[in-house]
Amino acid sequence: MERNTLLERLERILPTVEKPGRYVGGELNQIYKEWNSVKTHVALAFPDIYDIGVPNLGLTILYHILNERPDVLAERVYLPWVDMEAAMRREGLPLYALESKTPVKQFDILGITLPYETLYTNVLNLLDLAGIPLRSSERTINDPLVIAGGHAVFNPEPIAPFFDAIVIGEGEEIILEIINAYQEWKTASSPRVNLLAELAKIEGIYIPSFYEPEYHEDGTIRSIHSLHPNASLQIKKRLVAQLPKPPTRFIVPSIGVVHNRVSVEIMRGCTRGCRFCHAGMVTRPVRERSVDEIVSAVREALDATGFEEVALLSLSSSDYTHILDLVSRVADETSEHYLTISLPSLRIESFSVKLMEKLRGSRQGGFTLAPEAATERMRNIINKPISTRQLLDTAREIYSRGWTNIKLYFMIGHPSETIADVQAIADLCKDVLAEGRKVIGKRATLHAGVSTFVPKPHTPFQWVACDTLDQIEAKQSLLKRELRGPGLKLTWNNPHETLMEAWLSRGDRRLANVIETAWRLGAKFDAWQDQFNFEIWQKAFSIHRLDPSFYTHRQRAEDEIFPWDHIFTGVRKAYLLSEYRASLLEKTQNDCRQGCFACGILPKYADLRRNHPGNHWKCPEVPRRPVKVPMEQIA
Amino acid sequence: MRRFRIQYNKESPLQYIGNLDLHKVWERYLRRAHIPVAYSQGFHPQPKIQQAAPLPLGFLSQNDLIDVWVEPDTWTENVFLTHLQATQQPGIQILSVSSVPLNSPSLPTLIQSSLYRVILLDPVNLSELNHRLSLLVARDSIIRSRRNKTYDLRPLIEKIELIPLQEDCVAFEMQLSAREGATGRPEEIISEMGIDPYAARYIRTGFIMRE
C-alpha cells in the first residue's frame, strides 16, 4: 500500500478508535531518517500496545545504538489495540512503523523484544498484521529477517519456529554485528539460509532451524541435534563487560503511558542469589555504572524530555556500591521541580528508609518492600534471608517517618510451601500494620501484593513443580479470608494466568503448535486480564494431544535434559543443581560479592573481563586456582 | 509572580491527543525550556497553567491560548518567548507571548465563541450542499442528543458559511457559541447535515473573546 493511501485511510480511522495518539508517532525525540538515505532498515517491535511498549528500556537502548549508525535507520512498531486492529483489518491496512508509516514488511530486519512469555500469541498477531509468514521456514527473500531477544528467550524453544534468529543475552554489541552480517549477505544476494549460517557464527545467536530436539517416550528431551555445521551445541549468552553510556534522549509520548519517566539503569545483574529469581540468574555478572555517569545521564535526560519522574533501575538498588552518594546527588539534581525519583528493590533495613528520605518530594507513593515469604524456613529455602524482627523494625521506621502505606510483595507456591507458611503471610501483614497503628494510628495502611510463583528455566527451581489450581485456590482463599478489614488491601494473580505463564516458561518446541493454534482460535493479549482466555489454551493443548500439566506440575528428575539446556547463561547447571539441593536443606547462600561460589560466569567470561579491566564488574577477585567444593559438601 | 498568555497553533500530530495529555505536554515543554513556572500550594503542588477551552480529540487548533504563571517578577514577555523558542515541541508552534495582569479574569471565562474550519475529505456536490445548509439555518431549533442529553443546537450556531476550496473540495467556516454550558460542536452540525462526521478535518481557528 502506498504511503499516501495509508495516511489518508488513517485520517478517517483514527478519530473512531480509543487513544489514537498511540498510532501516529511524531513524538518529541523520535528519530526520523529518510528511507533512501540508509542501507539497512530495522523495525524494533514491542509485541503489545504503545502504552506498554514505549517505556521499554531494552528497545530504547537498541533504537539509539542503531540510529547512531549513519547507514541504518531504526523505527518503532507496537501492536494496535483490539479496536484499531479491527479497523486496520477491515480497511486492509498493514502494520506500519511509527516514524515513517512504512509497512513493517518492507523493513530489512524486524526485531521483536520478549521480556516475558505472555507476549507469545501477540508475536503471531504482529507477524500476521504485517503480512509476514508466521514460520521461519515459510519466509522468502522478500520477508524481513525476524529476530527476537529479551529475558523470555533464554528458553527460546516454545517460539523457536517463528523466528529466523534469536539473540541470547545483551543486545548492545551484537545488534551491530547482526547488521554487518546482514549487509554483507544482502550485497552478495545469496539465499536466505546463507544469512542464517553467517549469523550462526556470531556468539550469542541461536538459529532455531539449525537444531532439532529428539524426545523420549515420556515427552522429555533425549537430545538436541545440530543440523548445520555452524550451529554450535551450546549457545553462550552475550554480555557487555562494561555498560555503555545510557540513553538520555527518551521518546516523550504525547499521551499517558504506563511509565512516564526517565529510566537510568544504575547496575545490571544481581549477586543476591534468590533462588526463584530468573533475572538474578540470567543477568549475571553485576556491572555498575559510576555515580558521575548516572548523575550526568539524569541531568541530560531531564533536559531532553521534561519528564516529571526519574527511575533508577536495577534488580537490587541497595546493593549498588555508592547508593547513598548516588541518591543524594540525584536528589540535588532534581530538587527544583517537584520531581519524583523512584528507587525500586530496596533491602529490608532501616538504611532503605534513610535512602528514601533523601528523595524529597517523592513521598506521595507508598513504600514497597519484598520479603517474598513470611516464615524464616521459606526465606531460607528461597535464599532471601531476612528476619521477621528486621521487617517489623523497618516497617515501624517507615510509618514513623511519614509514609502511611506500605506495600509488601509476597509469593505463594514456593517449593515445599505449606498452608501454615501462607497463614504466616497473613499474620505478618497484620503484624506490620499493627506496627503502623502504634505509630500513626488508623492512618496506617498495608497493601499485600501476593503473586504465585512460577518456576523459571535457568534458575535453581527449574526442577520443581508449579502449584496446581487447587493448591493455588486454597492458598488464595485463605489470604482473602484473612486479609480483609480496615487498612488492609490484598491483590493476587489469576491462577489461570499463572498456569499459562508456567507452561510457556518451561515449554519445549512442541508448544509452538499449541501457541499457533491458540492464536488461530483467538488468543492474543494474554497478559491482559480482560483478554486472556484459558479455555482457548486448553482447547489448543487438546488439539495437539499435549498435557499442560506435563509442563506445569511435573517435578523434574535431577538428570533430566531440559529443552533450554543448549542455551548457556554463564551459570552452570551443576551450580543451579547445588543451589536447588541447598534449598531442600533450607541452607542459605551469602551475597556472592563477598566471595565467589563459582556459578560459572567468571571462568566463562574470563577473557572478556581481562580485556576490560576496571572496577565496574563486581565479581570478587578469586584465587588463581578456584577451590572446587564437591557438590555433596555444598549441599 | 507574573502571568503570561501564549498564543500558539496545535499542529499535527497533536490533534490526536486529549486535553489532559495536552496539559502534560505543556508542563514538560515549559520544564525543558527552563521556565520558572509557579506552583500551586498544598500537598500536591501543581504547575500553574491554564488552557483557554478544551479541544475535542482529533481537532487541530490555530490561535489557541494558554496562561502560564511564572515565579520571578523580573520576567518579561521577551525573556519568556526566547526561552520557549529555544526549545522544541513537535506539534506546537508559538505565535506570541503577552503579559496579562495577575488579577484579570481567568482565560476560560473570557471565551465567548469559537471559530472553526471544517474541511470535508470526500468530494461533494456544491449546490446540493448549499441547499442542505440553507435548510439547516432556516430551522428554528435543531434538537439533538449527545451523551444521553437532548439539547438545541440551533442557537449555538452564530455564523456558518460554505467555502469552496478547489474542485469538489469544500470547507465550512463556523462561529459557534463557546460559553459555559452552551458550547456548540462542529461535528454535530456536520452530522446534522447528513455527512459522515469522521470524513472531515476539524480546525479551531480562533476565539471571540468578551471585552
# chains A, B, ... in the order shown; residues from 1 in each chain; ligands from 1
>>> interface_residues(of="chain B", to="chain A", cutoff="7 Å", atoms="only C-alpha atoms", output="short mmCIF file (atom, residue, chain, number, x, y, z; two decimals) with N, CA and C atoms, in the first residue's frame")
data_model
loop_
_atom_site.label_atom_id
_atom_site.label_comp_id
_atom_site.auth_asym_id
_atom_site.auth_seq_id
_atom_site.Cartn_x
_atom_site.Cartn_y
_atom_site.Cartn_z
N PRO B 13 1.30 16.00 14.88
CA PRO B 13 0.24 15.01 15.12
C PRO B 13 -0.50 15.22 16.44
N TYR B 16 -4.28 14.33 17.83
CA TYR B 16 -4.74 13.04 18.35
C TYR B 16 -4.55 12.87 19.85
N ILE B 17 -4.29 13.97 20.54
CA ILE B 17 -4.19 13.85 21.99
C ILE B 17 -5.30 14.67 22.64
N ASP B 21 -3.78 15.30 28.24
CA ASP B 21 -2.47 15.00 27.67
C ASP B 21 -1.79 16.27 27.18
N VAL B 25 1.84 17.84 28.03
CA VAL B 25 2.80 18.25 27.00
C VAL B 25 3.31 19.66 27.33
N ARG B 28 5.72 19.71 30.39
CA ARG B 28 7.07 19.22 30.06
C ARG B 28 7.80 20.20 29.16
N TYR B 29 7.08 20.82 28.25
CA TYR B 29 7.67 21.80 27.35
C TYR B 29 8.24 22.96 28.20
N ARG B 31 9.08 22.93 31.30
CA ARG B 31 10.19 22.46 32.13
C ARG B 31 11.47 22.37 31.29
N ARG B 32 11.34 21.84 30.09
CA ARG B 32 12.52 21.76 29.22
C ARG B 32 13.05 23.14 28.86
N GLY B 58 -8.87 14.91 18.06
CA GLY B 58 -8.93 14.86 16.60
C GLY B 58 -8.89 16.24 15.95
N GLN B 89 8.96 21.72 20.65
CA GLN B 89 7.89 20.79 21.00
C GLN B 89 7.16 20.46 19.71
N PRO B 90 7.35 19.22 19.20
CA PRO B 90 6.66 18.87 17.96
C PRO B 90 5.16 19.09 18.10
N TYR B 198 -16.79 11.67 10.51
CA TYR B 198 -15.39 11.24 10.52
C TYR B 198 -14.70 11.53 9.19
N ALA B 199 -15.51 11.90 8.16
CA ALA B 199 -14.90 12.19 6.86
C ALA B 199 -14.64 13.69 6.74
#
>>> select_by_dssp(residues="stretch 396-574 of chain A", states="helix (DSSP H, G or I)", output="ChimeraX atom specification")
/A:396-400,419-443,469-482,495-505,511-520,534-543,548-552,573-574
>>> atom_distance(atom1="atom CA of A:Leu511", atom2="atom CA of A:Val153")
14.0 Å
>>> residues_around(residues="A:Tyr206", least_positions_apart="6", cutoff="9 Å", atoms="only C-alpha atoms", output="list in words")
Pro156, Asp164, Ala165, Ile166, Val167, Ile168, Leu199, Ala200, Ala231, Ser232, Ile235 and Ile567 of chain A
>>> closest_residue(among="A:Leu312, A:Ala395, A:Leu124, A:Met378", to="A:Arg275", atoms="only C-alpha atoms")
A:Met378
>>> residues_around(residues="A:Val291", least_positions_apart="4", cutoff="10 Å", atoms="only C-alpha atoms", output="number ranges by chain")
A: 266, 295-297, 320-323, 325-327, 329-330
>>> write_last_selection(atoms="N, CA and C atoms", output="PDB file, in the first residue's frame")
ATOM      1  N   ILE A 266      21.204   1.705  36.749  1.00  0.00           N
ATOM      2  CA  ILE A 266      22.400   2.029  37.535  1.00  0.00           C
ATOM      3  C   ILE A 266      23.327   0.817  37.635  1.00  0.00           C
ATOM      4  N   VAL A 295      24.554  10.444  37.243  1.00  0.00           N
ATOM      5  CA  VAL A 295      24.064  11.794  37.525  1.00  0.00           C
ATOM      6  C   VAL A 295      24.033  12.629  36.246  1.00  0.00           C
ATOM      7  N   SER A 296      25.068  12.509  35.421  1.00  0.00           N
ATOM      8  CA  SER A 296      25.019  13.345  34.217  1.00  0.00           C
ATOM      9  C   SER A 296      23.981  12.818  33.233  1.00  0.00           C
ATOM     10  N   ALA A 297      23.741  11.521  33.239  1.00  0.00           N
ATOM     11  CA  ALA A 297      22.673  10.988  32.383  1.00  0.00           C
ATOM     12  C   ALA A 297      21.310  11.512  32.833  1.00  0.00           C
ATOM     13  N   TYR A 320      23.846  -1.389  45.143  1.00  0.00           N
ATOM     14  CA  TYR A 320      24.715  -0.511  44.363  1.00  0.00           C
ATOM     15  C   TYR A 320      25.758   0.075  45.314  1.00  0.00           C
ATOM     16  N   THR A 321      27.035   0.001  44.932  1.00  0.00           N
ATOM     17  CA  THR A 321      28.117   0.304  45.873  1.00  0.00           C
ATOM     18  C   THR A 321      27.996   1.688  46.524  1.00  0.00           C
ATOM     19  N   HIS A 322      27.710   2.707  45.702  1.00  0.00           N
ATOM     20  CA  HIS A 322      27.680   4.071  46.261  1.00  0.00           C
ATOM     21  C   HIS A 322      26.257   4.604  46.298  1.00  0.00           C
ATOM     22  N   ILE A 323      25.341   3.791  46.792  1.00  0.00           N
ATOM     23  CA  ILE A 323      23.929   4.146  46.681  1.00  0.00           C
ATOM     24  C   ILE A 323      23.604   5.454  47.421  1.00  0.00           C
ATOM     25  N   ASP A 325      25.530   8.056  48.145  1.00  0.00           N
ATOM     26  CA  ASP A 325      26.083   9.158  47.379  1.00  0.00           C
ATOM     27  C   ASP A 325      25.233   9.414  46.129  1.00  0.00           C
ATOM     28  N   LEU A 326      24.885   8.352  45.446  1.00  0.00           N
ATOM     29  CA  LEU A 326      24.096   8.480  44.218  1.00  0.00           C
ATOM     30  C   LEU A 326      22.758   9.163  44.496  1.00  0.00           C
ATOM     31  N   VAL A 327      22.081   8.663  45.520  1.00  0.00           N
ATOM     32  CA  VAL A 327      20.755   9.179  45.828  1.00  0.00           C
ATOM     33  C   VAL A 327      20.841  10.659  46.230  1.00  0.00           C
ATOM     34  N   ARG A 329      23.054  12.849  45.318  1.00  0.00           N
ATOM     35  CA  ARG A 329      23.359  13.703  44.169  1.00  0.00           C
ATOM     36  C   ARG A 329      22.201  13.789  43.189  1.00  0.00           C
ATOM     37  N   VAL A 330      21.493  12.695  42.994  1.00  0.00           N
ATOM     38  CA  VAL A 330      20.331  12.758  42.104  1.00  0.00           C
ATOM     39  C   VAL A 330      19.246  13.633  42.729  1.00  0.00           C
TER      40      VAL A 330
END
>>> residues_around(residues="A:Lys480", least_positions_apart="6", cutoff="10 Å", atoms="only C-alpha atoms", output="PDB file with C-alpha atoms, in the first residue's frame")
ATOM      1  CA  ALA A 426      -1.486 -13.068  56.607  1.00  0.00           C
ATOM      2  CA  ALA A 474      -6.824 -22.878  48.596  1.00  0.00           C
ATOM      3  CA  LYS A 489      -5.643  -4.451  50.873  1.00  0.00           C
ATOM      4  CA  LEU A 490      -4.809  -7.661  49.049  1.00  0.00           C
ATOM      5  CA  THR A 491      -4.076  -8.188  45.372  1.00  0.00           C
ATOM      6  CA  TRP A 492      -3.345 -11.509  43.737  1.00  0.00           C
TER       7      TRP A 492
END
>>> select_by_dssp(residues="stretch 343-552 of chain A", states="strand (DSSP E or B)", output="list in words")
Phe367, Thr368, Leu369, Ala370, Pro371, Glu372, Asn405, Ile406, Lys407, Leu408, Tyr409, Phe410, Met411, Ile412, Thr445, Leu446, His447, Ala448, Gly449, Val450, Ser451, Thr452, Leu488, Lys489, Leu490, Thr491 and Trp492 of chain A
>>> write_last_selection(atoms="N, CA and C atoms", output="JSON list (two decimals), in the first residue's frame")
[["chain", "number", "residue", "atom", "x", "y", "z"],
["A", 367, "PHE", "N", 5.55, 2.87, 50.34],
["A", 367, "PHE", "CA", 6.90, 2.34, 50.47],
["A", 367, "PHE", "C", 6.80, 0.85, 50.21],
["A", 368, "THR", "N", 7.57, 0.36, 49.26],
["A", 368, "THR", "CA", 7.42, -1.03, 48.85],
["A", 368, "THR", "C", 8.59, -1.89, 49.32],
["A", 369, "LEU", "N", 8.27, -3.01, 49.92],
["A", 369, "LEU", "CA", 9.30, -3.97, 50.31],
["A", 369, "LEU", "C", 8.88, -5.35, 49.81],
["A", 370, "ALA", "N", 9.86, -6.19, 49.56],
["A", 370, "ALA", "CA", 9.54, -7.51, 49.01],
["A", 370, "ALA", "C", 10.14, -8.63, 49.87],
["A", 371, "PRO", "N", 9.49, -8.98, 50.96],
["A", 371, "PRO", "CA", 10.01, -10.10, 51.75],
["A", 371, "PRO", "C", 9.83, -11.45, 51.04],
["A", 372, "GLU", "N", 8.90, -11.52, 50.10],
["A", 372, "GLU", "CA", 8.63, -12.71, 49.28],
["A", 372, "GLU", "C", 8.07, -13.91, 50.04],
["A", 405, "ASN", "N", 1.37, 4.29, 53.85],
["A", 405, "ASN", "CA", 1.08, 2.99, 53.22],
["A", 405, "ASN", "C", 2.36, 2.21, 52.95],
["A", 406, "ILE", "N", 2.33, 0.95, 53.33],
["A", 406, "ILE", "CA", 3.43, 0.05, 52.99],
["A", 406, "ILE", "C", 2.89, -1.02, 52.07],
["A", 407, "LYS", "N", 3.63, -1.28, 51.00],
["A", 407, "LYS", "CA", 3.23, -2.39, 50.14],
["A", 407, "LYS", "C", 4.24, -3.51, 50.32],
["A", 408, "LEU", "N", 3.74, -4.69, 50.61],
["A", 408, "LEU", "CA", 4.61, -5.85, 50.78],
["A", 408, "LEU", "C", 4.35, -6.85, 49.65],
["A", 409, "TYR", "N", 5.41, -7.27, 49.00],
["A", 409, "TYR", "CA", 5.29, -8.28, 47.95],
["A", 409, "TYR", "C", 5.61, -9.65, 48.52],
["A", 410, "PHE", "N", 4.71, -10.59, 48.27],
["A", 410, "PHE", "CA", 4.95, -11.99, 48.65],
["A", 410, "PHE", "C", 4.69, -12.87, 47.44],
["A", 411, "MET", "N", 5.19, -14.09, 47.54],
["A", 411, "MET", "CA", 4.80, -15.10, 46.56],
["A", 411, "MET", "C", 4.27, -16.31, 47.31],
["A", 412, "ILE", "N", 3.20, -16.88, 46.79],
["A", 412, "ILE", "CA", 2.80, -18.20, 47.27],
["A", 412, "ILE", "C", 3.26, -19.22, 46.25],
["A", 445, "THR", "N", -1.88, 2.08, 56.58],
["A", 445, "THR", "CA", -2.49, 1.07, 55.71],
["A", 445, "THR", "C", -1.42, 0.12, 55.19],
["A", 446, "LEU", "N", -1.90, -1.04, 54.75],
["A", 446, "LEU", "CA", -0.97, -2.04, 54.23],
["A", 446, "LEU", "C", -1.57, -2.70, 53.00],
["A", 447, "HIS", "N", -0.75, -2.81, 51.99],
["A", 447, "HIS", "CA", -1.18, -3.47, 50.75],
["A", 447, "HIS", "C", -0.30, -4.70, 50.54],
["A", 448, "ALA", "N", -0.93, -5.86, 50.56],
["A", 448, "ALA", "CA", -0.18, -7.09, 50.31],
["A", 448, "ALA", "C", -0.38, -7.50, 48.85],
["A", 449, "GLY", "N", 0.70, -7.52, 48.11],
["A", 449, "GLY", "CA", 0.63, -7.99, 46.72],
["A", 449, "GLY", "C", 1.17, -9.41, 46.69],
["A", 450, "VAL", "N", 0.27, -10.37, 46.52],
["A", 450, "VAL", "CA", 0.70, -11.77, 46.60],
["A", 450, "VAL", "C", 0.58, -12.42, 45.23],
["A", 451, "SER", "N", 1.71, -12.66, 44.60],
["A", 451, "SER", "CA", 1.67, -13.33, 43.31],
["A", 451, "SER", "C", 1.95, -14.81, 43.52],
["A", 452, "THR", "N", 1.82, -15.57, 42.45],
["A", 452, "THR", "CA", 2.05, -17.01, 42.57],
["A", 452, "THR", "C", 3.35, -17.35, 41.85],
["A", 488, "LEU", "N", -6.36, -2.79, 55.26],
["A", 488, "LEU", "CA", -5.71, -3.92, 54.59],
["A", 488, "LEU", "C", -6.20, -4.02, 53.14],
["A", 489, "LYS", "N", -5.27, -4.23, 52.26],
["A", 489, "LYS", "CA", -5.64, -4.45, 50.87],
["A", 489, "LYS", "C", -4.83, -5.63, 50.34],
["A", 490, "LEU", "N", -5.49, -6.48, 49.59],
["A", 490, "LEU", "CA", -4.81, -7.66, 49.05],
["A", 490, "LEU", "C", -5.00, -7.70, 47.54],
["A", 491, "THR", "N", -3.93, -7.91, 46.80],
["A", 491, "THR", "CA", -4.08, -8.19, 45.37],
["A", 491, "THR", "C", -3.39, -9.51, 45.07],
["A", 492, "TRP", "N", -3.89, -10.20, 44.07],
["A", 492, "TRP", "CA", -3.34, -11.51, 43.74],
["A", 492, "TRP", "C", -3.44, -11.72, 42.23]]
>>> residues_around(residues="B:Val170", least_positions_apart="4", cutoff="12 Å", atoms="only C-alpha atoms", output="list of chain:residue names")
B:Arg117, B:Val118, B:Ile119, B:Leu120, B:Leu121, B:Asp122, B:Pro123, B:Val124, B:Asn125, B:Leu126, B:Ser127, B:Leu129, B:Asn130, B:Glu161, B:Leu162, B:Ile163, B:Pro164, B:Leu165, B:Gln166, B:Ala200, B:Arg201
>>> residues_around(residues="A:Pro161", least_positions_apart="3", cutoff="9 Å", atoms="only C-alpha atoms", output="ChimeraX atom specification")
/A:134-137,157-158,164,208-209,509,512
>>> closest_residue(among="A:Ile52, A:Ala301, A:Val286, A:Met500", to="A:Pro620", atoms="only C-alpha atoms")
A:Val286
>>> atom_distance(atom1="atom CA of B:Met209", atom2="atom CA of B:Trp69")
20.5 Å
>>> closest_residue(among="B:Thr205, B:Gln41, B:Asn78, B:Gln51", to="B:Thr109", atoms="only C-alpha atoms")
B:Gln51
>>> closest_residue(among="B:Thr74, B:Gln62, B:Thr150, B:Ser113", to="B:Ile92", atoms="only C-alpha atoms")
B:Gln62
>>> atom_distance(atom1="atom CA of A:Asn194", atom2="atom CA of A:Ser226")
16.2 Å
